[in-house]
Amino acid sequence: MRRNCLMRFFLIWMLTGSALFTLRAQEATTVPQAQQLERIDTLEIDDRYTIHFDTTETPDLRPWVRKELMPVCGQWYPKIIEMLPSEGFNAPTEVKVTFKADMDGVAYASGTQITAAGPWYRRQLQGEALGSIVHELVHVVQQYRNRRGRQRNPSWMVEGVADYIRWFLYEPAKNRPRVDPKRSNYDDSYRTTAAFLDYAVRQHDPELIRKFNAAMREGTYTPDLWDRWTGHSAKAIWSEYVETLQN
């Protein structure tokens, strides 16, 4: 009887011990596996800026990110910072770009985070993919805040500046947007406003983007600034620009 009890105890000990051992082994091995599934590449720029690229949900985009996107960001993030200075402003030193598997649309920036729609980027790897991230990097640098008691920035100017830098400074000239004067206005935002700003910069004041950026970052933008800095209203400059398109 005693021998049988000892045998049962031994068997229970063996079974229980091996179960605990297996559980701990699984817990120990699942942590590294989870870490391996996290696909994040980090870009260090001049020992000053860091950009993380998260393709955990879209691993097929990782080769493109490494080969194409990271070099563009390494070159253009410091350029954008230089283009958009203002007194006392320090641009974000750490940025993260995350590609989502099931996201609609294109991309958006919030603070220092850029979130991008994986399905759209797969379709645009040879098209607008790189330029769209440049556009979002501009938003990261802008860091405009709606402050109490300050002027609210018009969205057409915020997006117009981002698209100006993208389409007229980053993209090759052959890709620049064409404006239909019969269907467009200077405050249509994005590409149309970008083209309008390009005309204003070339014809009236090469420092216009810097000036408007500083005003929007400080919450002091008003339509009167167009008259102060160019001698003309935005509407009048648009009329000038439309004439060039009709000639």
# chains A, B, ... in the order shown; residues from 1 in each chain; ligands from 1
>>> residues_around(residues="range 53-55 of chain A", least_positions_apart="6", cutoff="12 Å", atoms="only C-alpha atoms", output="PyMOL selection string")
chain A and resi 37-44+61-66+69-70+73+94-101+113-118+121+133
>>> residues_around(residues="range 181-197 of chain A", least_positions_apart="4", cutoff="12 Å", atoms="only C-alpha atoms", output="PDB file with N, CA and C atoms, in the first residue's frame")
ATOM      1  N   SER A 132       3.552  61.821 -50.329  1.00  0.00           N
ATOM      2  CA  SER A 132       2.530  61.956 -49.294  1.00  0.00           C
ATOM      3  C   SER A 132       3.142  61.962 -47.897  1.00  0.00           C
ATOM      4  N   HIS A 135       4.593  65.355 -47.266  1.00  0.00           N
ATOM      5  CA  HIS A 135       3.492  66.244 -46.861  1.00  0.00           C
ATOM      6  C   HIS A 135       3.210  66.107 -45.366  1.00  0.00           C
ATOM      7  N   PRO A 154      -6.533  79.112 -40.853  1.00  0.00           N
ATOM      8  CA  PRO A 154      -7.397  78.532 -41.893  1.00  0.00           C
ATOM      9  C   PRO A 154      -6.790  77.231 -42.415  1.00  0.00           C
ATOM     10  N   SER A 155      -7.607  76.206 -42.514  1.00  0.00           N
ATOM     11  CA  SER A 155      -7.099  74.891 -42.931  1.00  0.00           C
ATOM     12  C   SER A 155      -6.519  74.926 -44.335  1.00  0.00           C
ATOM     13  N   TRP A 156      -7.054  75.804 -45.191  1.00  0.00           N
ATOM     14  CA  TRP A 156      -6.543  75.853 -46.560  1.00  0.00           C
ATOM     15  C   TRP A 156      -5.091  76.335 -46.599  1.00  0.00           C
ATOM     16  N   MET A 157      -4.713  77.191 -45.643  1.00  0.00           N
ATOM     17  CA  MET A 157      -3.326  77.635 -45.583  1.00  0.00           C
ATOM     18  C   MET A 157      -2.426  76.549 -44.983  1.00  0.00           C
ATOM     19  N   VAL A 158      -2.916  75.885 -43.947  1.00  0.00           N
ATOM     20  CA  VAL A 158      -2.129  74.821 -43.310  1.00  0.00           C
ATOM     21  C   VAL A 158      -1.808  73.732 -44.328  1.00  0.00           C
ATOM     22  N   GLU A 159      -2.832  73.263 -45.040  1.00  0.00           N
ATOM     23  CA  GLU A 159      -2.623  72.214 -46.042  1.00  0.00           C
ATOM     24  C   GLU A 159      -1.908  72.744 -47.268  1.00  0.00           C
ATOM     25  N   GLY A 160      -2.150  74.004 -47.588  1.00  0.00           N
ATOM     26  CA  GLY A 160      -1.498  74.599 -48.753  1.00  0.00           C
ATOM     27  C   GLY A 160       0.007  74.673 -48.588  1.00  0.00           C
ATOM     28  N   VAL A 161       0.469  75.048 -47.394  1.00  0.00           N
ATOM     29  CA  VAL A 161       1.918  75.098 -47.133  1.00  0.00           C
ATOM     30  C   VAL A 161       2.529  73.707 -47.250  1.00  0.00           C
ATOM     31  N   ALA A 162       1.838  72.713 -46.679  1.00  0.00           N
ATOM     32  CA  ALA A 162       2.358  71.339 -46.748  1.00  0.00           C
ATOM     33  C   ALA A 162       2.447  70.853 -48.193  1.00  0.00           C
ATOM     34  N   ASP A 163       1.428  71.163 -48.984  1.00  0.00           N
ATOM     35  CA  ASP A 163       1.456  70.732 -50.384  1.00  0.00           C
ATOM     36  C   ASP A 163       2.404  71.577 -51.220  1.00  0.00           C
ATOM     37  N   TYR A 164       2.624  72.822 -50.840  1.00  0.00           N
ATOM     38  CA  TYR A 164       3.611  73.639 -51.553  1.00  0.00           C
ATOM     39  C   TYR A 164       4.993  73.017 -51.423  1.00  0.00           C
ATOM     40  N   ILE A 165       5.360  72.660 -50.204  1.00  0.00           N
ATOM     41  CA  ILE A 165       6.679  72.055 -50.002  1.00  0.00           C
ATOM     42  C   ILE A 165       6.761  70.727 -50.727  1.00  0.00           C
ATOM     43  N   ARG A 166       5.677  69.977 -50.693  1.00  0.00           N
ATOM     44  CA  ARG A 166       5.699  68.683 -51.372  1.00  0.00           C
ATOM     45  C   ARG A 166       5.792  68.836 -52.897  1.00  0.00           C
ATOM     46  N   TRP A 167       4.825  69.561 -53.501  1.00  0.00           N
ATOM     47  CA  TRP A 167       4.704  69.575 -54.958  1.00  0.00           C
ATOM     48  C   TRP A 167       5.681  70.510 -55.660  1.00  0.00           C
ATOM     49  N   PHE A 168       6.083  71.591 -54.975  1.00  0.00           N
ATOM     50  CA  PHE A 168       6.920  72.577 -55.657  1.00  0.00           C
ATOM     51  C   PHE A 168       8.369  72.593 -55.189  1.00  0.00           C
ATOM     52  N   LEU A 169       8.692  71.849 -54.137  1.00  0.00           N
ATOM     53  CA  LEU A 169      10.070  71.755 -53.700  1.00  0.00           C
ATOM     54  C   LEU A 169      10.587  70.318 -53.717  1.00  0.00           C
ATOM     55  N   ALA A 173       9.391  68.779 -61.306  1.00  0.00           N
ATOM     56  CA  ALA A 173       8.524  69.791 -61.915  1.00  0.00           C
ATOM     57  C   ALA A 173       7.423  69.181 -62.774  1.00  0.00           C
ATOM     58  N   ASN A 175       5.610  66.773 -62.240  1.00  0.00           N
ATOM     59  CA  ASN A 175       4.481  66.275 -61.439  1.00  0.00           C
ATOM     60  C   ASN A 175       3.646  67.382 -60.815  1.00  0.00           C
ATOM     61  N   ARG A 176       4.023  68.621 -61.021  1.00  0.00           N
ATOM     62  CA  ARG A 176       3.327  69.717 -60.367  1.00  0.00           C
ATOM     63  C   ARG A 176       1.863  69.804 -60.812  1.00  0.00           C
ATOM     64  N   PRO A 177       0.982  70.157 -59.894  1.00  0.00           N
ATOM     65  CA  PRO A 177      -0.448  70.199 -60.225  1.00  0.00           C
ATOM     66  C   PRO A 177      -0.775  71.308 -61.213  1.00  0.00           C
ATOM     67  N   VAL A 201       5.019  83.408 -53.987  1.00  0.00           N
ATOM     68  CA  VAL A 201       6.420  83.393 -53.571  1.00  0.00           C
ATOM     69  C   VAL A 201       7.316  83.902 -54.699  1.00  0.00           C
ATOM     70  N   ARG A 202       7.060  83.431 -55.904  1.00  0.00           N
ATOM     71  CA  ARG A 202       7.911  83.806 -57.036  1.00  0.00           C
ATOM     72  C   ARG A 202       7.726  85.256 -57.457  1.00  0.00           C
ATOM     73  N   GLN A 203       6.502  85.747 -57.366  1.00  0.00           N
ATOM     74  CA  GLN A 203       6.207  87.072 -57.895  1.00  0.00           C
ATOM     75  C   GLN A 203       6.195  88.187 -56.851  1.00  0.00           C
ATOM     76  N   HIS A 204       6.049  87.847 -55.577  1.00  0.00           N
ATOM     77  CA  HIS A 204       5.859  88.899 -54.580  1.00  0.00           C
ATOM     78  C   HIS A 204       6.846  88.875 -53.415  1.00  0.00           C
ATOM     79  N   ASP A 205       7.133  87.706 -52.865  1.00  0.00           N
ATOM     80  CA  ASP A 205       8.020  87.676 -51.703  1.00  0.00           C
ATOM     81  C   ASP A 205       8.572  86.266 -51.513  1.00  0.00           C
ATOM     82  N   PRO A 206       9.862  86.054 -51.738  1.00  0.00           N
ATOM     83  CA  PRO A 206      10.444  84.714 -51.581  1.00  0.00           C
ATOM     84  C   PRO A 206      10.428  84.206 -50.137  1.00  0.00           C
ATOM     85  N   GLU A 207      10.198  85.103 -49.167  1.00  0.00           N
ATOM     86  CA  GLU A 207      10.165  84.706 -47.755  1.00  0.00           C
ATOM     87  C   GLU A 207       8.734  84.498 -47.250  1.00  0.00           C
ATOM     88  N   LEU A 208       7.783  84.478 -48.161  1.00  0.00           N
ATOM     89  CA  LEU A 208       6.375  84.441 -47.767  1.00  0.00           C
ATOM     90  C   LEU A 208       6.013  83.200 -46.958  1.00  0.00           C
ATOM     91  N   ILE A 209       6.540  82.048 -47.330  1.00  0.00           N
ATOM     92  CA  ILE A 209       6.203  80.812 -46.618  1.00  0.00           C
ATOM     93  C   ILE A 209       6.737  80.858 -45.191  1.00  0.00           C
ATOM     94  N   ARG A 210       7.946  81.318 -45.017  1.00  0.00           N
ATOM     95  CA  ARG A 210       8.517  81.450 -43.671  1.00  0.00           C
ATOM     96  C   ARG A 210       7.673  82.376 -42.809  1.00  0.00           C
ATOM     97  N   PHE A 212       4.439  83.324 -43.191  1.00  0.00           N
ATOM     98  CA  PHE A 212       3.123  82.770 -42.877  1.00  0.00           C
ATOM     99  C   PHE A 212       3.231  81.622 -41.878  1.00  0.00           C
ATOM    100  N   PRO A 223      -5.957  87.597 -42.593  1.00  0.00           N
ATOM    101  CA  PRO A 223      -5.896  87.894 -44.029  1.00  0.00           C
ATOM    102  C   PRO A 223      -5.164  89.191 -44.342  1.00  0.00           C
ATOM    103  N   TRP A 226      -1.505  89.404 -45.958  1.00  0.00           N
ATOM    104  CA  TRP A 226      -1.230  89.405 -47.394  1.00  0.00           C
ATOM    105  C   TRP A 226      -0.942  90.830 -47.872  1.00  0.00           C
ATOM    106  N   SER A 233      -4.103  91.921 -51.672  1.00  0.00           N
ATOM    107  CA  SER A 233      -4.893  90.904 -50.979  1.00  0.00           C
ATOM    108  C   SER A 233      -4.672  89.553 -51.640  1.00  0.00           C
ATOM    109  N   ALA A 234      -5.018  88.493 -50.937  1.00  0.00           N
ATOM    110  CA  ALA A 234      -4.915  87.151 -51.515  1.00  0.00           C
ATOM    111  C   ALA A 234      -5.791  87.049 -52.763  1.00  0.00           C
ATOM    112  N   LYS A 235      -6.957  87.657 -52.714  1.00  0.00           N
ATOM    113  CA  LYS A 235      -7.872  87.623 -53.860  1.00  0.00           C
ATOM    114  C   LYS A 235      -7.259  88.311 -55.075  1.00  0.00           C
ATOM    115  N   ALA A 236      -6.591  89.439 -54.853  1.00  0.00           N
ATOM    116  CA  ALA A 236      -5.970  90.162 -55.965  1.00  0.00           C
ATOM    117  C   ALA A 236      -4.819  89.358 -56.569  1.00  0.00           C
ATOM    118  N   ILE A 237      -4.035  88.714 -55.719  1.00  0.00           N
ATOM    119  CA  ILE A 237      -2.927  87.893 -56.226  1.00  0.00           C
ATOM    120  C   ILE A 237      -3.462  86.696 -56.991  1.00  0.00           C
ATOM    121  N   TRP A 238      -4.570  86.132 -56.526  1.00  0.00           N
ATOM    122  CA  TRP A 238      -5.190  85.029 -57.256  1.00  0.00           C
ATOM    123  C   TRP A 238      -5.615  85.476 -58.649  1.00  0.00           C
ATOM    124  N   SER A 239      -6.169  86.674 -58.763  1.00  0.00           N
ATOM    125  CA  SER A 239      -6.584  87.192 -60.068  1.00  0.00           C
ATOM    126  C   SER A 239      -5.386  87.329 -60.996  1.00  0.00           C
ATOM    127  N   GLU A 240      -4.263  87.791 -60.445  1.00  0.00           N
ATOM    128  CA  GLU A 240      -3.028  87.861 -61.241  1.00  0.00           C
ATOM    129  C   GLU A 240      -2.645  86.484 -61.756  1.00  0.00           C
ATOM    130  N   TYR A 241      -2.679  85.519 -60.841  1.00  0.00           N
ATOM    131  CA  TYR A 241      -2.268  84.159 -61.179  1.00  0.00           C
ATOM    132  C   TYR A 241      -3.182  83.561 -62.246  1.00  0.00           C
ATOM    133  N   VAL A 242      -4.470  83.791 -62.127  1.00  0.00           N
ATOM    134  CA  VAL A 242      -5.440  83.265 -63.101  1.00  0.00           C
ATOM    135  C   VAL A 242      -5.138  83.823 -64.486  1.00  0.00           C
ATOM    136  N   GLU A 243      -4.758  85.079 -64.557  1.00  0.00           N
ATOM    137  CA  GLU A 243      -4.425  85.687 -65.860  1.00  0.00           C
ATOM    138  C   GLU A 243      -3.257  84.955 -66.519  1.00  0.00           C
ATOM    139  N   THR A 244      -2.278  84.537 -65.717  1.00  0.00           N
ATOM    140  CA  THR A 244      -1.136  83.815 -66.288  1.00  0.00           C
ATOM    141  C   THR A 244      -1.569  82.451 -66.831  1.00  0.00           C
ATOM    142  N   LEU A 245      -2.580  81.860 -66.229  1.00  0.00           N
ATOM    143  CA  LEU A 245      -3.045  80.552 -66.677  1.00  0.00           C
ATOM    144  C   LEU A 245      -3.857  80.657 -67.963  1.00  0.00           C
ATOM    145  N   GLN A 246      -4.452  81.808 -68.199  1.00  0.00           N
ATOM    146  CA  GLN A 246      -5.303  81.986 -69.372  1.00  0.00           C
ATOM    147  C   GLN A 246      -4.543  82.487 -70.575  1.00  0.00           C
ATOM    148  N   ASN A 247      -3.319  82.943 -70.356  1.00  0.00           N
ATOM    149  CA  ASN A 247      -2.503  83.448 -71.478  1.00  0.00           C
ATOM    150  C   ASN A 247      -1.905  82.303 -72.280  1.00  0.00           C
TER     151      ASN A 247
END
>>> atom_distance(atom1="CA of Val141 in chain A", atom2="CA of Ile80 in chain A")
7.2 Å
>>> residues_around(residues="Gln142 in chain A", least_positions_apart="6", cutoff="8 Å", atoms="only C-alpha atoms", output="list of chain:residue names")
A:Leu84, A:Asn213, A:Arg217
>>> write_last_selection(atoms="N, CA and C atoms", output="mmCIF file, in the first residue's frame")
data_model
loop_
_atom_site.group_PDB
_atom_site.id
_atom_site.type_symbol
_atom_site.label_atom_id
_atom_site.label_comp_id
_atom_site.auth_asym_id
_atom_site.auth_seq_id
_atom_site.Cartn_x
_atom_site.Cartn_y
_atom_site.Cartn_z
ATOM 1 N N LEU A 84 10.926 76.029 -42.213
ATOM 2 C CA LEU A 84 9.807 76.511 -41.390
ATOM 3 C C LEU A 84 10.259 76.897 -39.981
ATOM 4 N N ASN A 213 4.274 80.814 -42.028
ATOM 5 C CA ASN A 213 4.465 79.716 -41.082
ATOM 6 C C ASN A 213 4.630 80.247 -39.662
ATOM 7 N N ARG A 217 2.092 79.502 -36.569
ATOM 8 C CA ARG A 217 2.596 78.808 -35.385
ATOM 9 C C ARG A 217 2.358 79.646 -34.121
#
>>> atom_distance(atom1="CA of Asp102 in chain A", atom2="CA of Pro59 in chain A")
13.3 Å
>>> select_by_dssp(residues="range 8-246 of chain A", states="alpha helix (DSSP H)", output="PyMOL selection string")
chain A and resi 8-37+62-64+70-83+118-123+129-142+155-164+190-203+208-218+224-230+234-246
>>> residues_around(residues="Val134 in chain A", least_positions_apart="4", cutoff="8 Å", atoms="only C-alpha atoms", output="list in words")
Cys73, Trp76, Tyr77, Leu130, Val138, Arg166 and Tyr170 of chain A
>>> atom_distance(atom1="CA of Ser86 in chain A", atom2="CA of Thr230 in chain A")
19.7 Å
>>> select_by_dssp(residues="range 15-191 of chain A", states="strand (DSSP E or B)", output="PyMOL selection string")
chain A and resi 40-45+49-54+94-100+107-110+113-117
